[in-house]
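Text of run.txt (compact mmCIF, C-alpha atoms and all ligand atoms) as supplied:
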# COMPACT_ATOMS: atom_id res chain seq x y z
CA MET A 22 -62.71 118.43 -12.43
CA THR A 23 -64.86 115.66 -11.02
CA THR A 24 -63.19 114.03 -8.04
CA ASP A 25 -65.85 111.69 -6.80
CA ILE A 26 -69.48 110.83 -7.38
CA LYS A 27 -72.01 109.62 -4.91
CA ILE A 28 -74.84 107.52 -6.32
CA ILE A 29 -77.71 105.46 -4.98
CA LYS A 30 -76.37 101.93 -4.51
CA PRO A 31 -76.73 100.06 -7.83
CA ASP A 32 -78.44 96.79 -8.70
CA ASP A 33 -77.19 94.34 -11.30
CA TRP A 34 -80.07 92.76 -13.20
CA HIS A 35 -78.09 89.93 -14.79
CA VAL A 36 -75.33 87.92 -13.07
CA HIS A 37 -74.27 84.28 -13.27
CA PHE A 38 -73.48 83.20 -9.72
CA ARG A 39 -72.82 79.58 -10.76
CA GLU A 40 -72.35 77.04 -7.94
CA ASP A 41 -69.98 75.81 -5.24
CA GLU A 42 -66.62 77.60 -4.94
CA MET A 43 -67.35 79.79 -7.95
CA LEU A 44 -70.57 81.03 -6.32
CA LYS A 45 -68.60 82.30 -3.33
CA VAL A 46 -66.27 84.27 -5.58
CA VAL A 47 -69.04 85.78 -7.70
CA THR A 48 -71.06 86.67 -4.60
CA LYS A 49 -68.08 88.40 -3.03
CA TYR A 50 -67.54 90.65 -6.05
CA SER A 51 -71.18 91.25 -6.89
CA SER A 52 -72.13 92.21 -3.33
CA ARG A 53 -69.17 94.60 -3.35
CA VAL A 54 -71.08 97.23 -5.31
CA ASN A 55 -74.68 96.06 -5.65
CA ARG A 56 -77.62 95.96 -3.25
CA ARG A 57 -79.52 93.44 -5.40
CA CYS A 58 -78.61 91.09 -8.22
CA ILE A 59 -80.64 88.86 -10.44
CA ALA A 60 -79.03 85.43 -10.23
CA MET A 61 -79.48 83.61 -13.51
CA PRO A 62 -81.15 80.20 -13.27
CA ASN A 63 -79.07 78.35 -15.89
CA THR A 64 -77.08 76.54 -13.22
CA SER A 65 -76.09 72.92 -13.85
CA ASN A 66 -79.33 71.97 -12.09
CA LEU A 67 -81.69 74.39 -13.79
CA ILE A 68 -83.80 76.44 -11.38
CA THR A 69 -87.37 75.60 -12.31
CA SER A 70 -89.18 75.25 -8.96
CA SER A 71 -89.99 77.44 -5.97
CA ASP A 72 -88.00 75.17 -3.62
CA GLN A 73 -84.90 75.45 -5.76
CA ALA A 74 -85.28 79.23 -5.95
CA VAL A 75 -85.58 79.56 -2.17
CA SER A 76 -82.48 77.49 -1.50
CA TYR A 77 -80.40 79.13 -4.26
CA LYS A 78 -81.30 82.57 -2.93
CA LYS A 79 -80.36 81.54 0.62
CA LEU A 80 -77.09 80.05 -0.54
CA ILE A 81 -76.04 83.23 -2.34
CA GLU A 82 -77.13 85.59 0.41
CA SER A 83 -75.39 83.57 3.12
CA ASN A 84 -72.14 83.99 1.20
CA SER A 85 -72.55 87.73 0.77
CA HIS A 86 -70.13 90.15 2.36
CA SER A 87 -72.73 92.86 2.67
CA LYS A 88 -75.55 92.59 5.21
CA ASN A 89 -78.57 93.61 3.16
CA PHE A 90 -77.50 92.06 -0.13
CA GLU A 91 -80.36 90.39 -1.96
CA ALA A 92 -80.40 87.79 -4.73
CA LEU A 93 -83.47 87.77 -6.97
CA ILE A 94 -84.20 84.54 -8.82
CA PRO A 95 -86.09 84.16 -12.09
CA CYS A 96 -87.52 80.82 -13.12
CA TYR A 97 -85.83 78.93 -15.96
CA LEU A 98 -88.77 78.49 -18.33
CA THR A 99 -89.32 75.11 -19.93
CA GLU A 100 -92.15 73.44 -21.79
CA SER A 101 -92.67 71.07 -18.85
CA LEU A 102 -92.88 73.61 -16.02
CA ASN A 103 -95.15 72.91 -13.03
CA ILE A 104 -97.61 75.74 -13.62
CA ASP A 105 -99.15 75.73 -10.12
CA ASP A 106 -95.79 75.96 -8.43
CA PHE A 107 -94.68 78.66 -10.88
CA THR A 108 -97.79 80.76 -10.24
CA TYR A 109 -97.45 80.29 -6.48
CA ALA A 110 -93.80 81.41 -6.65
CA LEU A 111 -94.65 84.54 -8.64
CA GLN A 112 -97.46 85.47 -6.24
CA ASN A 113 -95.15 85.07 -3.25
CA ASN A 114 -92.19 86.93 -4.75
CA ILE A 115 -90.09 83.79 -4.81
CA PHE A 116 -89.54 84.22 -8.54
CA VAL A 117 -88.79 87.74 -9.77
CA GLY A 118 -89.97 86.67 -13.24
CA GLY A 119 -89.40 84.02 -15.86
CA LYS A 120 -86.29 83.66 -18.00
CA LEU A 121 -86.59 82.50 -21.57
CA TYR A 122 -83.59 80.79 -23.12
CA PRO A 123 -84.23 79.72 -26.68
CA THR A 124 -82.59 76.32 -27.25
CA ASN A 125 -78.80 76.37 -27.47
CA ALA A 126 -78.47 80.13 -27.12
CA THR A 127 -75.83 79.96 -24.38
CA THR A 128 -74.43 77.98 -21.37
CA ASN A 129 -76.84 75.26 -20.19
CA SER A 130 -79.53 76.33 -22.62
CA GLN A 131 -79.74 72.95 -24.32
CA HIS A 132 -82.87 72.53 -22.19
CA GLY A 133 -84.22 75.87 -23.35
CA VAL A 134 -87.41 76.38 -25.25
CA ASN A 135 -87.55 75.06 -28.79
CA ASP A 136 -91.04 76.10 -29.80
CA ILE A 137 -91.77 79.35 -27.96
CA LYS A 138 -95.48 79.19 -28.78
CA LYS A 139 -95.68 76.18 -26.48
CA ILE A 140 -95.02 78.40 -23.47
CA TYR A 141 -97.40 81.24 -24.39
CA ASN A 142 -99.55 80.01 -21.46
CA ILE A 143 -96.62 80.93 -19.18
CA PHE A 144 -96.36 84.42 -20.71
CA GLU A 145 -100.06 84.81 -20.01
CA ILE A 146 -99.46 84.06 -16.32
CA LEU A 147 -96.52 86.47 -16.16
CA GLU A 148 -98.67 89.17 -17.73
CA LYS A 149 -101.55 88.51 -15.34
CA GLU A 150 -99.27 88.58 -12.29
CA ASN A 151 -97.63 91.81 -13.52
CA SER A 152 -94.30 90.00 -13.46
CA ILE A 153 -91.36 90.16 -15.86
CA LEU A 154 -90.31 88.08 -18.85
CA LEU A 155 -86.52 88.14 -19.10
CA ILE A 156 -85.22 87.10 -22.50
CA HIS A 157 -81.94 85.91 -23.92
CA GLY A 158 -82.95 87.20 -27.32
CA GLU A 159 -81.07 85.14 -29.86
CA LEU A 160 -82.29 82.66 -32.41
CA ASN A 161 -79.73 79.92 -32.93
CA ARG A 162 -80.36 78.07 -36.18
CA ASN A 163 -77.89 76.60 -38.63
CA ASN A 164 -78.48 79.10 -41.38
CA ILE A 165 -78.35 82.18 -39.16
CA ASP A 166 -75.06 84.06 -38.93
CA ILE A 167 -73.81 84.35 -35.34
CA PHE A 168 -73.90 88.17 -35.64
CA ASP A 169 -77.55 88.17 -36.75
CA ARG A 170 -79.09 85.99 -34.05
CA GLU A 171 -80.50 88.92 -32.09
CA LYS A 172 -82.09 90.45 -35.17
CA TYR A 173 -83.70 87.14 -36.17
CA PHE A 174 -85.03 86.60 -32.67
CA ILE A 175 -86.62 90.04 -32.69
CA ASP A 176 -88.15 89.58 -36.13
CA GLU A 177 -89.36 86.00 -35.76
CA GLU A 178 -90.28 85.78 -32.07
CA LEU A 179 -90.14 88.97 -30.03
CA PHE A 180 -92.27 91.00 -32.39
CA GLN A 181 -95.03 88.45 -32.02
CA ILE A 182 -94.67 88.07 -28.24
CA ARG A 183 -94.88 91.87 -27.94
CA ASN A 184 -98.03 92.02 -30.05
CA THR A 185 -99.74 89.12 -28.32
CA PHE A 186 -99.06 90.17 -24.72
CA LYS A 187 -99.35 93.94 -24.80
CA ASP A 188 -99.21 94.39 -21.00
CA LEU A 189 -96.39 91.92 -20.39
CA LYS A 190 -93.23 93.62 -19.14
CA ILE A 191 -90.24 92.30 -21.05
CA VAL A 192 -86.51 92.78 -20.50
CA LEU A 193 -84.42 92.16 -23.59
CA GLU A 194 -81.22 91.20 -21.84
CA HIS A 195 -77.69 92.13 -22.88
CA VAL A 196 -78.90 94.10 -25.91
CA SER A 197 -76.02 93.83 -28.35
CA SER A 198 -77.05 95.58 -31.55
CA GLU A 199 -78.39 98.84 -32.88
CA TYR A 200 -81.37 96.82 -34.13
CA GLY A 201 -82.06 95.67 -30.56
CA VAL A 202 -81.74 99.19 -29.15
CA ASP A 203 -84.19 100.48 -31.76
CA PHE A 204 -86.67 97.73 -30.95
CA VAL A 205 -86.58 98.49 -27.22
CA ASN A 206 -86.93 102.22 -27.86
CA SER A 207 -89.89 101.86 -30.18
CA ASN A 208 -92.04 99.45 -28.12
CA ASN A 209 -93.98 99.84 -24.90
CA ASN A 210 -93.41 97.74 -21.78
CA ILE A 211 -89.98 96.66 -22.89
CA ALA A 212 -86.63 97.57 -21.39
CA GLY A 213 -83.07 96.44 -22.00
CA THR A 214 -79.96 95.68 -20.00
CA ILE A 215 -76.52 96.58 -21.35
CA THR A 216 -73.21 94.99 -20.35
CA PRO A 217 -69.95 96.93 -20.08
CA HIS A 218 -68.25 94.67 -22.61
CA HIS A 219 -70.80 95.37 -25.35
CA MET A 220 -69.94 99.06 -24.96
CA LEU A 221 -66.17 98.42 -25.07
CA LEU A 222 -65.53 95.66 -27.61
CA THR A 223 -66.24 95.06 -31.26
CA LYS A 224 -65.84 91.85 -33.25
CA ASP A 225 -62.24 92.74 -34.00
CA ASP A 226 -61.48 92.25 -30.33
CA VAL A 227 -62.72 88.67 -30.55
CA PHE A 228 -61.91 87.46 -34.06
CA LYS A 229 -58.83 88.91 -35.68
CA ASP A 230 -56.22 87.61 -38.13
CA LYS A 231 -57.60 84.06 -37.86
CA GLN A 232 -57.15 84.18 -34.09
CA ILE A 233 -59.88 84.07 -31.48
CA ASN A 234 -59.57 85.78 -28.12
CA PRO A 235 -61.51 83.34 -25.92
CA HIS A 236 -61.73 85.83 -23.06
CA HIS A 237 -63.76 88.21 -25.21
CA TYR A 238 -66.10 85.50 -26.43
CA CYS A 239 -69.60 85.81 -25.05
CA MET A 240 -73.24 85.41 -26.09
CA PRO A 241 -74.55 87.49 -27.69
CA VAL A 242 -71.24 88.00 -29.44
CA VAL A 243 -70.02 91.63 -29.61
CA LYS A 244 -70.67 93.29 -32.94
CA ASN A 245 -69.77 96.38 -34.98
CA GLU A 246 -68.64 99.88 -34.07
CA SER A 247 -72.07 101.22 -35.03
CA ASP A 248 -73.70 98.79 -32.58
CA LEU A 249 -71.29 99.76 -29.82
CA LEU A 250 -72.05 103.45 -30.37
CA SER A 251 -75.76 102.83 -30.37
CA LEU A 252 -75.51 100.93 -27.05
CA ARG A 253 -73.49 103.77 -25.54
CA ARG A 254 -76.11 106.28 -26.65
CA ALA A 255 -78.88 104.12 -25.20
CA ALA A 256 -77.16 103.70 -21.82
CA CYS A 257 -75.93 107.25 -21.45
CA PHE A 258 -78.68 109.35 -23.06
CA GLU A 259 -81.82 107.41 -24.01
CA ASN A 260 -81.97 107.00 -20.37
CA ASN A 261 -85.28 105.56 -19.19
CA LYS A 262 -85.46 102.11 -20.72
CA PHE A 263 -81.97 100.80 -20.13
CA PHE A 264 -80.18 99.67 -17.00
CA ILE A 265 -77.27 97.62 -15.67
CA GLY A 266 -77.03 93.94 -16.44
CA THR A 267 -73.36 92.97 -16.49
CA ASP A 268 -73.98 89.38 -17.59
CA SER A 269 -70.84 88.65 -15.61
CA ALA A 270 -70.37 84.96 -16.37
CA PRO A 271 -67.17 83.31 -15.15
CA HIS A 272 -65.58 80.12 -16.37
CA GLN A 273 -62.38 78.68 -14.96
CA ALA A 274 -59.52 80.01 -17.12
CA LYS A 275 -58.42 76.43 -17.85
CA ASP A 276 -61.91 75.54 -19.13
CA LYS A 277 -62.41 78.53 -21.43
CA ILE A 278 -61.19 76.47 -24.41
CA GLN A 279 -61.77 72.74 -24.35
CA HIS A 280 -61.54 70.31 -27.25
CA ASP A 281 -61.65 73.15 -29.77
CA SER A 282 -64.85 74.53 -28.32
CA LEU A 283 -65.14 77.87 -26.56
CA LYS A 284 -67.18 78.60 -23.46
CA ALA A 285 -69.09 81.84 -23.78
CA GLY A 286 -68.90 84.33 -20.93
CA ILE A 287 -66.99 87.34 -19.66
CA PHE A 288 -66.22 87.96 -15.98
CA SER A 289 -66.45 91.66 -15.18
CA SER A 290 -67.64 91.69 -11.56
CA PRO A 291 -64.33 92.93 -10.06
CA CYS A 292 -64.54 96.16 -12.10
CA SER A 293 -68.01 96.40 -13.61
CA LEU A 294 -69.24 99.58 -11.95
CA GLU A 295 -65.88 101.27 -12.50
CA LEU A 296 -66.13 100.41 -16.21
CA TYR A 297 -69.65 101.79 -16.49
CA ALA A 298 -68.47 105.00 -14.79
CA SER A 299 -65.58 105.40 -17.22
CA ILE A 300 -67.86 104.82 -20.22
CA PHE A 301 -70.33 107.44 -18.97
CA GLU A 302 -67.42 109.82 -18.40
CA GLU A 303 -66.13 109.26 -21.94
CA GLU A 304 -69.60 110.11 -23.21
CA ASN A 305 -69.79 113.23 -20.99
CA ALA A 306 -72.82 111.75 -19.27
CA LEU A 307 -71.67 111.06 -15.71
CA GLU A 308 -74.73 112.90 -14.42
CA ASN A 309 -76.87 110.13 -16.00
CA LEU A 310 -74.98 107.20 -14.45
CA GLU A 311 -77.22 106.93 -11.40
CA LYS A 312 -80.38 106.58 -13.50
CA PHE A 313 -78.82 103.72 -15.43
CA SER A 314 -77.22 102.04 -12.40
CA SER A 315 -79.82 102.51 -9.70
CA ILE A 316 -83.16 103.97 -10.83
CA ASN A 317 -84.38 102.64 -14.19
CA GLY A 318 -84.03 98.98 -13.14
CA PRO A 319 -86.13 99.00 -9.94
CA LYS A 320 -88.68 101.25 -11.61
CA PHE A 321 -89.19 98.75 -14.42
CA TYR A 322 -89.25 95.78 -12.06
CA GLY A 323 -91.70 97.60 -9.77
CA LEU A 324 -89.33 97.44 -6.81
CA ASP A 325 -88.21 100.11 -4.36
CA ILE A 326 -85.22 102.22 -5.24
CA ASN A 327 -82.39 101.50 -2.80
CA ASN A 328 -81.91 103.95 0.03
CA ASP A 329 -78.22 103.47 0.65
CA PHE A 330 -75.42 105.13 -1.31
CA LEU A 331 -72.04 104.38 -2.77
CA THR A 332 -69.13 106.62 -3.75
CA LEU A 333 -66.95 106.27 -6.82
CA ASN A 334 -63.60 108.01 -6.46
CA LYS A 335 -61.57 109.41 -9.31
CA GLU A 336 -58.68 107.10 -8.59
CA GLU A 337 -56.56 104.87 -10.75
CA MET A 338 -57.24 101.16 -10.66
CA ILE A 339 -55.36 98.49 -12.61
CA VAL A 340 -57.53 95.41 -13.11
CA PRO A 341 -55.65 92.27 -12.01
CA GLU A 342 -55.03 89.61 -14.66
CA TYR A 343 -57.00 86.93 -12.77
CA THR A 344 -59.39 86.50 -9.90
CA GLU A 345 -57.86 83.71 -7.86
CA GLU A 346 -59.34 82.21 -4.73
CA GLY A 347 -58.82 78.62 -3.59
CA ASN A 348 -59.24 76.40 -6.64
CA ILE A 349 -60.77 79.17 -8.69
CA LYS A 350 -58.84 81.03 -11.35
CA VAL A 351 -60.85 83.23 -13.69
CA LYS A 352 -59.52 85.65 -16.26
CA ASN A 353 -60.82 89.15 -15.49
CA PHE A 354 -62.37 91.31 -18.15
CA PHE A 355 -60.20 94.40 -18.83
CA ALA A 356 -57.26 92.54 -17.27
CA GLY A 357 -54.09 94.59 -16.92
CA LYS A 358 -55.80 97.78 -18.05
CA LYS A 359 -56.26 101.02 -16.20
CA ILE A 360 -59.61 102.47 -15.12
CA ASP A 361 -59.86 105.97 -13.70
CA TRP A 362 -62.58 105.15 -11.19
CA LYS A 363 -62.64 103.10 -8.06
CA VAL A 364 -65.43 102.30 -5.63
CA SER A 365 -64.34 103.52 -2.19
ZN ZN A 401 -76.26 85.67 -19.16
Hey, can you dump this file as structure tokens for me?
Amino acid sequence: MTTDIKIIKPDDWHVHFREDEMLKVVTKYSSRVNRRCIAMPNTSNLITSSDQAVSYKKLIESNSHSKNFEALIPCYLTESLNIDDFTYALQNNIFVGGKLYPTNATTNSQHGVNDIKKIYNIFEILEKENSILLIHGELNRNNIDIFDREKYFIDEELFQIRNTFKDLKIVLEHVSSEYGVDFVNSNNNIAGTITPHHMLLTKDDVFKDKQINPHHYCMPVVKNESDLLSLRRAACFENNKFFIGTDSAPHQAKDKIQHDSLKAGIFSSPCSLELYASIFEEENALENLEKFSSINGPKFYGLDINNDFLTLNKEEMIVPEYTEEGNIKVKNFFAGKKIDWKVS
């Protein structure tokens, strides 16, 4: 029986650190198990300049509990970006890439890109600088079903981006469907991140009997059993193009539902690596965990693989109902449930 596993220290390629008090909490939990994290730039002041990226990175790292923890910042792409500053920041490793949010895809994406063709000049720069295009791949239009947004984005936008910029490295973030997995697998220079919740929940866990569970509501929304199985296969076995991206995205518990509208986002940082380990164990693929958690990501991003290690012990852990610190109270993903792994 497996008692513990030692793996190269992981990186998380998609985290929402937010701001202020919340940033301290997210940093504490994310630096618990990761050496590096990509800090998403959809903060209330969008991160669109090199100066903002430098100060956001410093702010996160100064709050970290681990000495060599590193925050990597992508640029929030807009149609009105300062191209010189953007290019300078890519060349000096201030931006790890550019993040595309189509308009109204998720939190603070009302300033996202409406007509993606208008930023093809930016993709050209990313391609030339051998940098990364990170994509929230959903098309949000009135006549598109919420469960089909990823498929429509792939068909109407991503296909064309892929064909126009053949050398551009693209990460399709939080892949949520079998269709998305197939697209990543069948195209060059494209990789995908997978969250724990998309491998644990289906739409029944969110919408059931005319009730909505707000704590399972996220973007992209979780889908069918067949999608969940396909994501598990991709993470555990189709094991070169997929890596960790928890998309851990906290909201204050009291704000999750406001005026009949739901805030999208699931907070999994307190147990994310433990959840990934238990999923890989369920799939009899524990020996592949390290590739997914610590090797595929840096390889795709062209960064060094970490040289420190972490041990997961086969030990029971009950996830607390909430993460509470100071004025912060966030509902934890997997709250009250048991996981058989614990980071020592
Ligand atoms: Zn996100």
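The space between atom CA of A:Ser152 and atom CA of A:Ser83 spans 26.0 Å.
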What are the closest atom pairs, with distances in Å to one decimal, for each residue of chain A lying within 9 Å of ligand ZN 401 (chain A), using all atoms listed in the file, rows by chain and rising residue number, as CSV?
residue,atom,partner,partner_atom,distance
A:His35,CA,A:ZN401,ZN,6.4
A:Val36,CA,A:ZN401,ZN,6.6
A:His37,CA,A:ZN401,ZN,6.4
A:Met61,CA,A:ZN401,ZN,6.8
A:Asn63,CA,A:ZN401,ZN,8.5
A:Thr127,CA,A:ZN401,ZN,7.7
A:Thr128,CA,A:ZN401,ZN,8.2
A:His157,CA,A:ZN401,ZN,7.4
A:Glu194,CA,A:ZN401,ZN,7.9
A:His195,CA,A:ZN401,ZN,7.6
A:Cys239,CA,A:ZN401,ZN,8.9
A:Met240,CA,A:ZN401,ZN,7.6
A:Pro241,CA,A:ZN401,ZN,8.9
A:Gly266,CA,A:ZN401,ZN,8.7
A:Thr267,CA,A:ZN401,ZN,8.3
A:Asp268,CA,A:ZN401,ZN,4.6
A:Ser269,CA,A:ZN401,ZN,7.1
A:Ala270,CA,A:ZN401,ZN,6.6
A:Gly286,CA,A:ZN401,ZN,7.7
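The space between atom CA of A:Gln131 and atom CA of A:Leu67 spans 10.8 Å.
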Within 10 Å of A:Ile137 using only C-alpha atoms, minus same-chain residues under 3 positions, as a list in words: Thr99, Glu100, Leu121, Tyr122, Pro123, Thr124, Gly133, Val134, Ile140, Tyr141, Phe144, Glu178, Leu179 and Ile182 of chain A
Contacts of A:Ser365 within 8 Å, only C-alpha atoms, excl. fewer than 3 positions in-chain, as a ChimeraX atom specification: /A:331-334
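Taking atom CA of A:Ile278 and atom CA of A:Asn353 as endpoints, the distance between them is 15.5 Å.
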For A:Asp276, the nearest of the candidates A:Leu310, A:Val351, A:Met220, A:Ile146, counting all atoms listed in the file: A:Val351
Would you give me, as a tab-separated table, each residue of stretch 231-294 of chain A having an atom within 8 Å of an atom of stretch 158-176 of chain A, along with its shortest atom pair and that distance in Å to one decimal, using all atoms listed in the file and sorting by chain and residue number?
residue	atom	partner	partner_atom	distance
A:Pro241	CA	A:Glu159	CA	7.3
A:Val242	CA	A:Phe168	CA	6.7
A:Val243	CA	A:Phe168	CA	8.0
A:Lys244	CA	A:Phe168	CA	6.6
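Nearest residue to A:Glu82 among A:Asp106, A:Gln273, A:Val47, A:His237 is A:Val47, counting all atoms listed in the file.
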Using only C-alpha atoms - which residues lie no farther than 8 Å from the point (-78.7, 107.4, -4.5) in the file's frame? Write them as a compact mmCIF listing (two decimals) with C-alpha atoms, keeping the file's coordinate frame.
# COMPACT_ATOMS: atom_id res chain seq x y z
CA LYS A 27 -72.01 109.62 -4.91
CA ILE A 28 -74.84 107.52 -6.32
CA ILE A 29 -77.71 105.46 -4.98
CA LYS A 30 -76.37 101.93 -4.51
CA GLU A 311 -77.22 106.93 -11.40
CA SER A 315 -79.82 102.51 -9.70
CA ASN A 327 -82.39 101.50 -2.80
CA ASN A 328 -81.91 103.95 0.03
CA ASP A 329 -78.22 103.47 0.65
CA PHE A 330 -75.42 105.13 -1.31
CA LEU A 331 -72.04 104.38 -2.77
Can you give me all heavy atoms for stretch 311-319 of chain A, written as a PDB file, in the coordinates of the input?
ATOM      1  N   GLU A 311     -76.366 107.436 -12.490  1.00  0.00           N
ATOM      2  CA  GLU A 311     -77.220 106.930 -11.400  1.00  0.00           C
ATOM      3  C   GLU A 311     -78.565 106.403 -11.917  1.00  0.00           C
ATOM      4  O   GLU A 311     -79.095 105.417 -11.406  1.00  0.00           O
ATOM      5  CB  GLU A 311     -77.445 108.044 -10.385  1.00  0.00           C
ATOM      6  CG  GLU A 311     -78.181 107.599  -9.142  1.00  0.00           C
ATOM      7  CD  GLU A 311     -78.421 108.751  -8.175  1.00  0.00           C
ATOM      8  OE1 GLU A 311     -79.030 109.762  -8.603  1.00  0.00           O
ATOM      9  OE2 GLU A 311     -77.984 108.657  -7.016  1.00  0.00           O
ATOM     10  N   LYS A 312     -79.105 107.058 -12.937  1.00  0.00           N
ATOM     11  CA  LYS A 312     -80.380 106.580 -13.500  1.00  0.00           C
ATOM     12  C   LYS A 312     -80.211 105.179 -14.067  1.00  0.00           C
ATOM     13  O   LYS A 312     -81.024 104.293 -13.865  1.00  0.00           O
ATOM     14  CB  LYS A 312     -80.857 107.529 -14.621  1.00  0.00           C
ATOM     15  CG  LYS A 312     -81.640 108.712 -14.114  1.00  0.00           C
ATOM     16  CD  LYS A 312     -82.306 109.443 -15.264  1.00  0.00           C
ATOM     17  CE  LYS A 312     -83.638 108.801 -15.611  1.00  0.00           C
ATOM     18  NZ  LYS A 312     -84.268 109.435 -16.782  1.00  0.00           N
ATOM     19  N   PHE A 313     -79.114 105.001 -14.795  1.00  0.00           N
ATOM     20  CA  PHE A 313     -78.820 103.720 -15.430  1.00  0.00           C
ATOM     21  C   PHE A 313     -78.479 102.648 -14.383  1.00  0.00           C
ATOM     22  O   PHE A 313     -78.896 101.496 -14.489  1.00  0.00           O
ATOM     23  CB  PHE A 313     -77.648 103.915 -16.401  1.00  0.00           C
ATOM     24  CG  PHE A 313     -77.189 102.660 -17.103  1.00  0.00           C
ATOM     25  CD1 PHE A 313     -77.911 102.141 -18.175  1.00  0.00           C
ATOM     26  CD2 PHE A 313     -76.019 102.006 -16.713  1.00  0.00           C
ATOM     27  CE1 PHE A 313     -77.482 100.990 -18.832  1.00  0.00           C
ATOM     28  CE2 PHE A 313     -75.585 100.858 -17.363  1.00  0.00           C
ATOM     29  CZ  PHE A 313     -76.318 100.350 -18.425  1.00  0.00           C
ATOM     30  N   SER A 314     -77.738 103.031 -13.352  1.00  0.00           N
ATOM     31  CA  SER A 314     -77.220 102.040 -12.400  1.00  0.00           C
ATOM     32  C   SER A 314     -78.215 101.710 -11.292  1.00  0.00           C
ATOM     33  O   SER A 314     -78.201 100.602 -10.759  1.00  0.00           O
ATOM     34  CB  SER A 314     -75.919 102.540 -11.763  1.00  0.00           C
ATOM     35  OG  SER A 314     -76.169 103.671 -10.933  1.00  0.00           O
ATOM     36  N   SER A 315     -79.096 102.671 -10.965  1.00  0.00           N
ATOM     37  CA  SER A 315     -79.820 102.510  -9.700  1.00  0.00           C
ATOM     38  C   SER A 315     -81.298 102.880  -9.749  1.00  0.00           C
ATOM     39  O   SER A 315     -81.999 102.648  -8.761  1.00  0.00           O
ATOM     40  CB  SER A 315     -79.148 103.379  -8.617  1.00  0.00           C
ATOM     41  OG  SER A 315     -77.744 103.356  -8.736  1.00  0.00           O
ATOM     42  N   ILE A 316     -81.765 103.483 -10.822  1.00  0.00           N
ATOM     43  CA  ILE A 316     -83.160 103.970 -10.830  1.00  0.00           C
ATOM     44  C   ILE A 316     -84.021 103.273 -11.882  1.00  0.00           C
ATOM     45  O   ILE A 316     -85.109 102.771 -11.577  1.00  0.00           O
ATOM     46  CB  ILE A 316     -83.182 105.511 -11.025  1.00  0.00           C
ATOM     47  CG1 ILE A 316     -82.526 106.176  -9.797  1.00  0.00           C
ATOM     48  CG2 ILE A 316     -84.618 106.019 -11.206  1.00  0.00           C
ATOM     49  CD1 ILE A 316     -82.324 107.657  -9.901  1.00  0.00           C
ATOM     50  N   ASN A 317     -83.546 103.208 -13.121  1.00  0.00           N
ATOM     51  CA  ASN A 317     -84.380 102.640 -14.190  1.00  0.00           C
ATOM     52  C   ASN A 317     -84.746 101.173 -13.932  1.00  0.00           C
ATOM     53  O   ASN A 317     -85.865 100.744 -14.233  1.00  0.00           O
ATOM     54  CB  ASN A 317     -83.654 102.726 -15.538  1.00  0.00           C
ATOM     55  CG  ASN A 317     -83.463 104.169 -15.995  1.00  0.00           C
ATOM     56  OD1 ASN A 317     -84.095 105.074 -15.482  1.00  0.00           O
ATOM     57  ND2 ASN A 317     -82.576 104.365 -16.953  1.00  0.00           N
ATOM     58  N   GLY A 318     -83.806 100.419 -13.373  1.00  0.00           N
ATOM     59  CA  GLY A 318     -84.030  98.980 -13.140  1.00  0.00           C
ATOM     60  C   GLY A 318     -85.165  98.737 -12.158  1.00  0.00           C
ATOM     61  O   GLY A 318     -86.163  98.076 -12.496  1.00  0.00           O
ATOM     62  N   PRO A 319     -85.036  99.241 -10.898  1.00  0.00           N
ATOM     63  CA  PRO A 319     -86.130  99.000  -9.940  1.00  0.00           C
ATOM     64  C   PRO A 319     -87.457  99.569 -10.416  1.00  0.00           C
ATOM     65  O   PRO A 319     -88.510  98.965 -10.171  1.00  0.00           O
ATOM     66  CB  PRO A 319     -85.654  99.694  -8.656  1.00  0.00           C
ATOM     67  CG  PRO A 319     -84.446 100.470  -9.011  1.00  0.00           C
ATOM     68  CD  PRO A 319     -83.890  99.896 -10.261  1.00  0.00           C
TER      69      PRO A 319
END
